[in-house]
>>> print(open('query00.cif').read())   # mmCIF, C-alpha atoms
data_final
#
loop_
_atom_site.label_atom_id
_atom_site.label_comp_id
_atom_site.auth_asym_id
_atom_site.auth_seq_id
_atom_site.Cartn_x
_atom_site.Cartn_y
_atom_site.Cartn_z
CA THR A 1 30.20 -31.49 50.19
CA ALA A 2 30.00 -29.16 47.22
CA MET A 3 33.05 -27.06 48.10
CA VAL A 4 35.30 -25.80 50.90
CA ILE A 5 36.82 -22.30 50.79
CA PRO A 6 40.01 -21.77 52.85
CA PHE A 7 39.76 -18.92 55.33
CA GLU A 8 42.79 -17.18 53.81
CA ASN A 9 40.74 -16.65 50.64
CA CYS A 10 37.87 -15.01 52.55
CA LEU A 11 37.27 -11.58 54.04
CA VAL A 12 36.81 -12.18 57.77
CA GLU A 13 35.63 -9.49 60.18
CA PRO A 14 35.28 -10.12 63.94
CA ASP A 15 31.97 -9.10 65.48
CA GLY A 16 33.53 -8.61 68.89
CA SER A 17 33.23 -4.82 69.27
CA ASP A 18 30.33 -2.81 70.65
CA ASP A 19 30.29 -0.14 67.92
CA ASP A 20 27.83 -1.93 65.57
CA HIS A 21 30.12 -1.16 62.64
CA TRP A 22 31.21 -4.62 61.53
CA ALA A 23 29.33 -4.21 58.24
CA SER A 24 30.95 -0.84 57.68
CA ARG A 25 34.40 -2.30 58.30
CA LEU A 26 33.79 -5.17 55.90
CA ALA A 27 32.38 -2.84 53.24
CA SER A 28 35.43 -0.60 53.69
CA ARG A 29 37.68 -3.55 52.98
CA LEU A 30 35.75 -4.30 49.80
CA VAL A 31 35.89 -0.78 48.38
CA ARG A 32 39.56 -0.44 49.34
CA GLY A 33 40.44 -3.51 47.32
CA GLU A 34 41.29 -5.98 50.08
CA ALA A 35 39.37 -8.82 48.41
CA ALA A 36 41.38 -10.93 45.99
CA ALA A 37 40.93 -9.75 42.41
CA ALA A 38 39.10 -12.91 41.34
CA HIS A 39 36.78 -12.65 44.36
CA ALA A 40 35.99 -8.98 43.76
CA ALA A 41 35.36 -9.60 40.06
CA HIS A 42 32.70 -12.22 40.77
CA LEU A 43 30.82 -10.67 43.67
CA PRO A 44 27.06 -10.57 43.06
CA PRO A 45 25.54 -7.15 42.38
CA PRO A 46 23.98 -5.22 45.27
CA PRO A 47 20.45 -6.47 45.97
CA ASP A 48 17.38 -4.33 45.33
CA VAL A 49 16.69 -3.90 49.04
CA LEU A 50 13.86 -1.69 50.25
CA PRO A 51 16.04 1.37 51.10
CA ARG A 52 16.90 1.51 47.36
CA TRP A 53 13.26 1.80 46.31
CA ASP A 54 11.58 5.08 45.45
CA ASP A 55 9.47 6.48 48.26
CA ASP A 56 6.31 6.10 46.18
CA ASP A 57 6.99 2.38 45.68
CA VAL A 58 7.58 1.84 49.39
CA GLU A 59 4.39 3.75 50.20
CA ALA A 60 2.50 1.58 47.70
CA LEU A 61 3.16 -1.43 49.91
CA GLY A 62 0.69 0.04 52.39
CA ASP A 63 2.72 -1.02 55.42
CA ASP A 64 3.69 1.86 57.71
CA GLY A 65 5.88 -0.37 59.86
CA LEU A 66 7.84 -1.58 56.86
CA ALA A 67 8.23 1.98 55.57
CA ALA A 68 9.57 3.03 58.98
CA GLU A 69 12.03 0.12 58.93
CA ALA A 70 13.23 1.17 55.47
CA ASP A 71 13.73 4.73 56.75
CA GLY A 72 15.67 3.40 59.73
CA LEU A 73 17.94 1.40 57.45
CA PHE A 74 18.51 4.46 55.28
CA PHE A 75 19.81 6.39 58.30
CA TRP A 76 21.76 3.33 59.50
CA ARG A 77 23.58 3.42 56.16
CA ASP A 78 24.53 7.04 56.88
CA GLU A 79 26.03 5.91 60.20
CA GLN A 80 28.04 3.19 58.48
CA TRP A 81 29.29 5.68 55.87
CA ALA A 82 30.27 8.14 58.60
CA ALA A 83 32.23 5.37 60.35
CA HIS A 84 33.98 4.55 57.07
CA CYS A 85 34.90 8.23 56.57
CA ALA A 86 36.23 8.42 60.12
CA ARG A 87 38.52 5.46 59.46
CA HIS A 88 39.70 6.56 56.03
CA ALA A 89 40.46 10.12 54.97
CA ASP A 90 40.33 8.99 51.33
CA ALA A 91 36.79 7.67 51.72
CA GLY A 92 36.02 7.44 48.01
CA SER A 93 32.51 7.26 46.57
CA ARG A 94 29.52 6.98 48.90
CA ASP A 95 27.55 5.13 46.22
CA ALA A 96 30.31 2.52 45.85
CA PHE A 97 30.43 2.12 49.62
CA VAL A 98 26.64 1.65 49.88
CA ASP A 99 26.77 -0.94 47.08
CA ALA A 100 29.45 -2.83 49.01
CA LEU A 101 27.48 -2.46 52.25
CA ASP A 102 24.36 -4.00 50.71
CA VAL A 103 26.38 -6.91 49.31
CA VAL A 104 27.99 -7.46 52.71
CA CYS A 105 24.65 -7.42 54.56
CA SER A 106 22.98 -9.86 52.16
CA ARG A 107 25.85 -12.28 51.47
CA THR A 108 27.89 -12.55 54.67
CA VAL A 109 27.71 -15.70 56.81
CA ARG A 110 28.42 -15.97 60.52
CA CYS A 111 31.01 -18.37 61.91
CA GLY A 112 31.03 -18.03 65.68
CA THR A 113 32.01 -14.43 66.39
CA ASP A 114 33.32 -13.83 62.87
CA LEU A 115 31.42 -12.52 59.85
CA ILE A 116 32.74 -13.98 56.62
CA LEU A 117 32.42 -13.02 52.98
CA ALA A 118 33.55 -16.16 51.18
CA PRO A 119 34.21 -16.42 47.44
CA LEU A 120 31.86 -18.77 45.57
CA LEU A 121 29.72 -19.19 48.71
CA ASP A 122 28.63 -15.55 48.40
CA MET A 123 27.32 -16.35 44.91
CA ALA A 124 24.89 -18.99 46.19
CA ASN A 125 21.31 -17.75 45.95
CA HIS A 126 18.51 -18.73 48.30
CA ASP A 127 16.50 -21.90 47.80
CA PRO A 128 14.44 -23.47 50.61
CA ALA A 129 15.61 -26.85 49.32
CA GLY A 130 19.21 -25.66 48.98
CA GLY A 131 22.29 -26.66 50.91
CA HIS A 132 23.81 -25.31 54.12
CA TYR A 133 27.20 -23.99 55.15
CA PHE A 134 29.45 -25.40 57.84
CA VAL A 135 32.77 -24.52 59.44
CA ARG A 136 35.95 -26.59 59.43
CA ASP A 137 39.33 -25.81 60.94
CA ASP A 138 40.70 -24.96 57.51
CA GLY A 139 37.76 -23.10 55.98
CA ILE A 140 34.07 -22.72 55.38
CA GLY A 141 32.16 -25.27 53.33
CA LEU A 142 28.87 -25.59 51.53
CA ALA A 143 27.09 -28.93 51.71
CA ALA A 144 24.69 -29.63 48.88
CA SER A 145 21.07 -30.51 49.56
CA ASP A 146 20.05 -34.14 49.96
CA ALA A 147 18.95 -34.17 46.34
CA GLY A 148 22.46 -33.19 45.24
CA VAL A 149 23.33 -30.80 42.41
CA ALA A 150 23.02 -31.92 38.81
CA ALA A 151 25.65 -30.95 36.27
CA GLY A 152 24.96 -27.45 35.03
CA GLU A 153 22.61 -26.60 37.88
CA PRO A 154 23.39 -23.75 40.32
CA VAL A 155 24.58 -24.43 43.85
CA THR A 156 22.09 -22.82 46.23
CA LEU A 157 21.93 -22.12 49.94
CA ASN A 158 18.98 -22.16 52.33
CA TYR A 159 19.06 -18.71 53.97
CA GLY A 160 16.57 -19.79 56.62
CA GLU A 161 13.04 -18.63 57.43
CA ARG A 162 12.29 -14.91 57.59
CA ASN A 163 9.23 -12.73 57.35
CA ASN A 164 8.53 -10.76 54.18
CA GLY A 165 9.75 -7.48 55.65
CA ASP A 166 13.12 -9.01 56.49
CA TRP A 167 13.51 -10.43 52.97
CA LEU A 168 12.65 -7.10 51.34
CA CYS A 169 14.74 -4.93 53.66
CA HIS A 170 17.89 -7.04 53.72
CA TYR A 171 17.86 -9.34 50.70
CA GLY A 172 15.85 -7.50 48.05
CA PHE A 173 13.47 -10.30 47.05
CA LEU A 174 10.58 -12.41 48.29
CA PRO A 175 10.51 -16.20 48.26
CA SER A 176 7.28 -17.36 46.71
CA PRO A 177 5.46 -18.66 48.57
CA ASN A 178 6.92 -17.59 51.89
CA ARG A 179 5.42 -20.04 54.39
CA ALA A 180 7.16 -18.22 57.24
CA ASP A 181 4.89 -15.21 56.61
CA ALA A 182 1.48 -16.69 55.91
CA THR A 183 -1.84 -16.68 57.71
CA ALA A 184 -4.08 -19.74 57.92
CA LEU A 185 -7.70 -18.99 57.06
CA GLY A 186 -9.07 -22.35 58.03
CA GLY A 187 -9.32 -25.49 55.99
CA GLY A 188 -6.71 -25.72 53.27
CA ALA A 189 -6.69 -22.01 52.45
CA ARG A 190 -3.59 -19.91 53.11
CA VAL A 191 -2.80 -16.34 52.15
CA SER A 192 0.69 -14.86 52.03
CA TRP A 193 2.15 -11.60 50.81
CA ASP A 194 3.12 -12.94 47.39
CA MET A 195 1.66 -10.08 45.35
CA LEU A 196 2.85 -6.54 45.94
CA PRO A 197 0.71 -3.56 44.88
CA LEU A 198 3.30 -2.32 42.38
CA PRO A 199 2.66 -0.99 38.86
CA GLU A 200 2.17 -3.64 36.19
CA ASP A 201 5.41 -2.66 34.41
CA ASP A 202 7.54 -2.72 37.58
CA PRO A 203 10.14 -5.53 37.24
CA ARG A 204 9.94 -6.19 40.98
CA ARG A 205 6.49 -7.76 40.49
CA SER A 206 8.25 -10.86 39.16
CA ALA A 207 9.93 -11.35 42.56
CA ALA A 208 6.52 -11.93 44.11
CA ALA A 209 4.93 -13.84 41.25
#
>>> encode(input="query00.cif", output="structure tokens")
Amino acid sequence: TAMVIPFENCLVEPDGSDDDHWASRLASRLVRGEAAAAHAAHLPPPPDVLPRWDDDDVEALGDDGLAAEADGLFFWRDEQWAAHCARHADAGSRDAFVDALDVVCSRTVRCGTDLILAPLLDMANHDPAGGHYFVRDDGIGLAASDAGVAAGEPVTLNYGERNNGDWLCHYGFLPSPNRADATALGGGARVSWDMLPLPEDDPRRSAAA
């Protein structure tokens, strides 16, 4: 076990309602300062998810279905913002809310019917060979991978297998290679979407390198 975070140190939001606004409620709690100061100060930055990209960059991907999904997420964000405004007359900045929403959607873990944003655990980046989280009566834990974690090395978490569209839309990066989104060509050859048709000077190219 690498660490266990007590539930009282986490932001916990039940997913028991039918309004599809759990992410909005959790983001509201972040922007309204309900996270402990130390937790809020060390939250990761919002990911560079597809709805944040310029339209020309999304179009350059050449995938109409993915572009439509990005558009749908853009309007879904508007719905979450509207729900936040309905709950709180002093809604604050929309940009700050969207930043919190993207962090929530990329870093929250599910424990039964609860969605949890846990300090330290929400800093663990994806690694296919990384650890996994588990639930105890007193908190949520992160078990290291079988190889362990050497001193000075980051603690990582295996986010699971997803297609490239899911990674881009919800997490803002592409694992390379992504064996969950590859096509066998016969023999030992495989091709996966590891190179995006972005300009040479676009920093997002490194995510697919």
>>> residues_around(input="query00.cif", residues="Asp122 (chain A)", least_positions_apart="3", cutoff="12 Å", atoms="all atoms listed in the file", output="ChimeraX atom specification")
/A:5,10-11,39-40,42-46,103-109,116-119,125-126,133,140-142,155-157,159
>>> resolve_selection(input="query00.cif", expression="the PyMOL selection byres ((chain A and resi 172-178) around 6)", output="PyMOL selection string")
chain A and resi 47-49+167-168+171+179-181+207-208
>>> resolve_selection(input="query00.cif", expression="the PyMOL selection byres ((chain A and resi 68-75) around 9)", output="MDAnalysis selection string")
chainID A and resid 49:52 58 63:67 76:80 165 169
>>> closest_residue(input="query00.cif", among="A:Arg162, A:His170, A:His84, A:Arg136", to="Trp22 (chain A)", atoms="all atoms listed in the file")
A:His84
>>> atom_distance(input="query00.cif", atom1="CA of Met123 (chain A)", atom2="CA of Asp54 (chain A)")
26.6 Å
>>> decode(input="query00.cif", residues="region 141-155 of chain A", atoms="all heavy atoms", output="tab-separated table (two decimals), in the first residue's frame")
chain	number	residue	atom	x	y	z
A	141	GLY	N	-7.55	4.06	-0.65
A	141	GLY	CA	-6.12	3.80	-0.71
A	141	GLY	C	-5.63	3.62	-2.13
A	141	GLY	O	-6.40	3.37	-3.06
A	142	LEU	N	-4.33	3.76	-2.28
A	142	LEU	CA	-3.67	3.50	-3.55
A	142	LEU	C	-2.61	2.45	-3.33
A	142	LEU	O	-1.68	2.63	-2.54
A	142	LEU	CB	-3.03	4.78	-4.10
A	142	LEU	CG	-2.17	4.63	-5.36
A	142	LEU	CD1	-3.00	4.10	-6.52
A	142	LEU	CD2	-1.52	5.95	-5.74
A	143	ALA	N	-2.77	1.31	-3.99
A	143	ALA	CA	-1.78	0.24	-3.91
A	143	ALA	C	-0.80	0.40	-5.05
A	143	ALA	O	-1.19	0.60	-6.21
A	143	ALA	CB	-2.47	-1.12	-4.00
A	144	ALA	N	0.47	0.34	-4.74
A	144	ALA	CA	1.50	0.48	-5.75
A	144	ALA	C	1.48	-0.73	-6.68
A	144	ALA	O	0.91	-1.77	-6.38
A	144	ALA	CB	2.87	0.62	-5.09
A	145	SER	N	2.11	-0.59	-7.84
A	145	SER	CA	2.21	-1.70	-8.78
A	145	SER	C	3.08	-2.79	-8.19
A	145	SER	O	3.77	-2.60	-7.18
A	145	SER	CB	2.82	-1.21	-10.10
A	145	SER	OG	4.15	-0.79	-9.90
A	146	ASP	N	3.07	-3.95	-8.82
A	146	ASP	CA	3.86	-5.08	-8.33
A	146	ASP	C	5.35	-4.74	-8.28
A	146	ASP	O	6.09	-5.26	-7.44
A	146	ASP	CB	3.65	-6.30	-9.22
A	146	ASP	CG	2.24	-6.86	-9.12
A	146	ASP	OD1	1.56	-6.55	-8.11
A	146	ASP	OD2	1.81	-7.58	-10.03
A	147	ALA	N	5.78	-3.86	-9.16
A	147	ALA	CA	7.19	-3.49	-9.20
A	147	ALA	C	7.57	-2.54	-8.07
A	147	ALA	O	8.74	-2.29	-7.83
A	147	ALA	CB	7.53	-2.84	-10.54
A	148	GLY	N	6.55	-1.99	-7.37
A	148	GLY	CA	6.82	-1.05	-6.31
A	148	GLY	C	7.15	0.34	-6.84
A	148	GLY	O	7.10	0.59	-8.05
A	149	VAL	N	7.49	1.24	-5.95
A	149	VAL	CA	7.83	2.62	-6.32
A	149	VAL	C	9.19	2.94	-5.70
A	149	VAL	O	9.33	2.93	-4.47
A	149	VAL	CB	6.77	3.62	-5.82
A	149	VAL	CG1	7.15	5.04	-6.24
A	149	VAL	CG2	5.39	3.26	-6.37
A	150	ALA	N	10.15	3.23	-6.54
A	150	ALA	CA	11.49	3.57	-6.04
A	150	ALA	C	11.49	4.95	-5.44
A	150	ALA	O	10.65	5.81	-5.78
A	150	ALA	CB	12.50	3.48	-7.19
A	151	ALA	N	12.41	5.19	-4.53
A	151	ALA	CA	12.54	6.50	-3.90
A	151	ALA	C	12.74	7.56	-4.97
A	151	ALA	O	13.56	7.42	-5.88
A	151	ALA	CB	13.72	6.49	-2.93
A	152	GLY	N	11.95	8.62	-4.87
A	152	GLY	CA	12.06	9.71	-5.83
A	152	GLY	C	11.23	9.54	-7.08
A	152	GLY	O	11.11	10.48	-7.89
A	153	GLU	N	10.62	8.38	-7.27
A	153	GLU	CA	9.79	8.13	-8.44
A	153	GLU	C	8.33	8.48	-8.13
A	153	GLU	O	7.88	8.36	-7.00
A	153	GLU	CB	9.88	6.66	-8.87
A	153	GLU	CG	11.23	6.26	-9.41
A	153	GLU	CD	11.56	7.00	-10.69
A	153	GLU	OE1	10.69	7.09	-11.58
A	153	GLU	OE2	12.69	7.53	-10.79
A	154	PRO	N	7.57	8.93	-9.16
A	154	PRO	CA	6.17	9.29	-8.91
A	154	PRO	C	5.30	8.07	-8.66
A	154	PRO	O	5.55	6.99	-9.20
A	154	PRO	CB	5.76	9.99	-10.21
A	154	PRO	CG	6.64	9.41	-11.25
A	154	PRO	CD	7.96	9.15	-10.57
A	155	VAL	N	4.28	8.24	-7.85
A	155	VAL	CA	3.25	7.22	-7.67
A	155	VAL	C	2.23	7.40	-8.79
A	155	VAL	O	1.71	8.51	-8.99
A	155	VAL	CB	2.56	7.36	-6.30
A	155	VAL	CG1	1.40	6.38	-6.17
A	155	VAL	CG2	3.57	7.15	-5.18
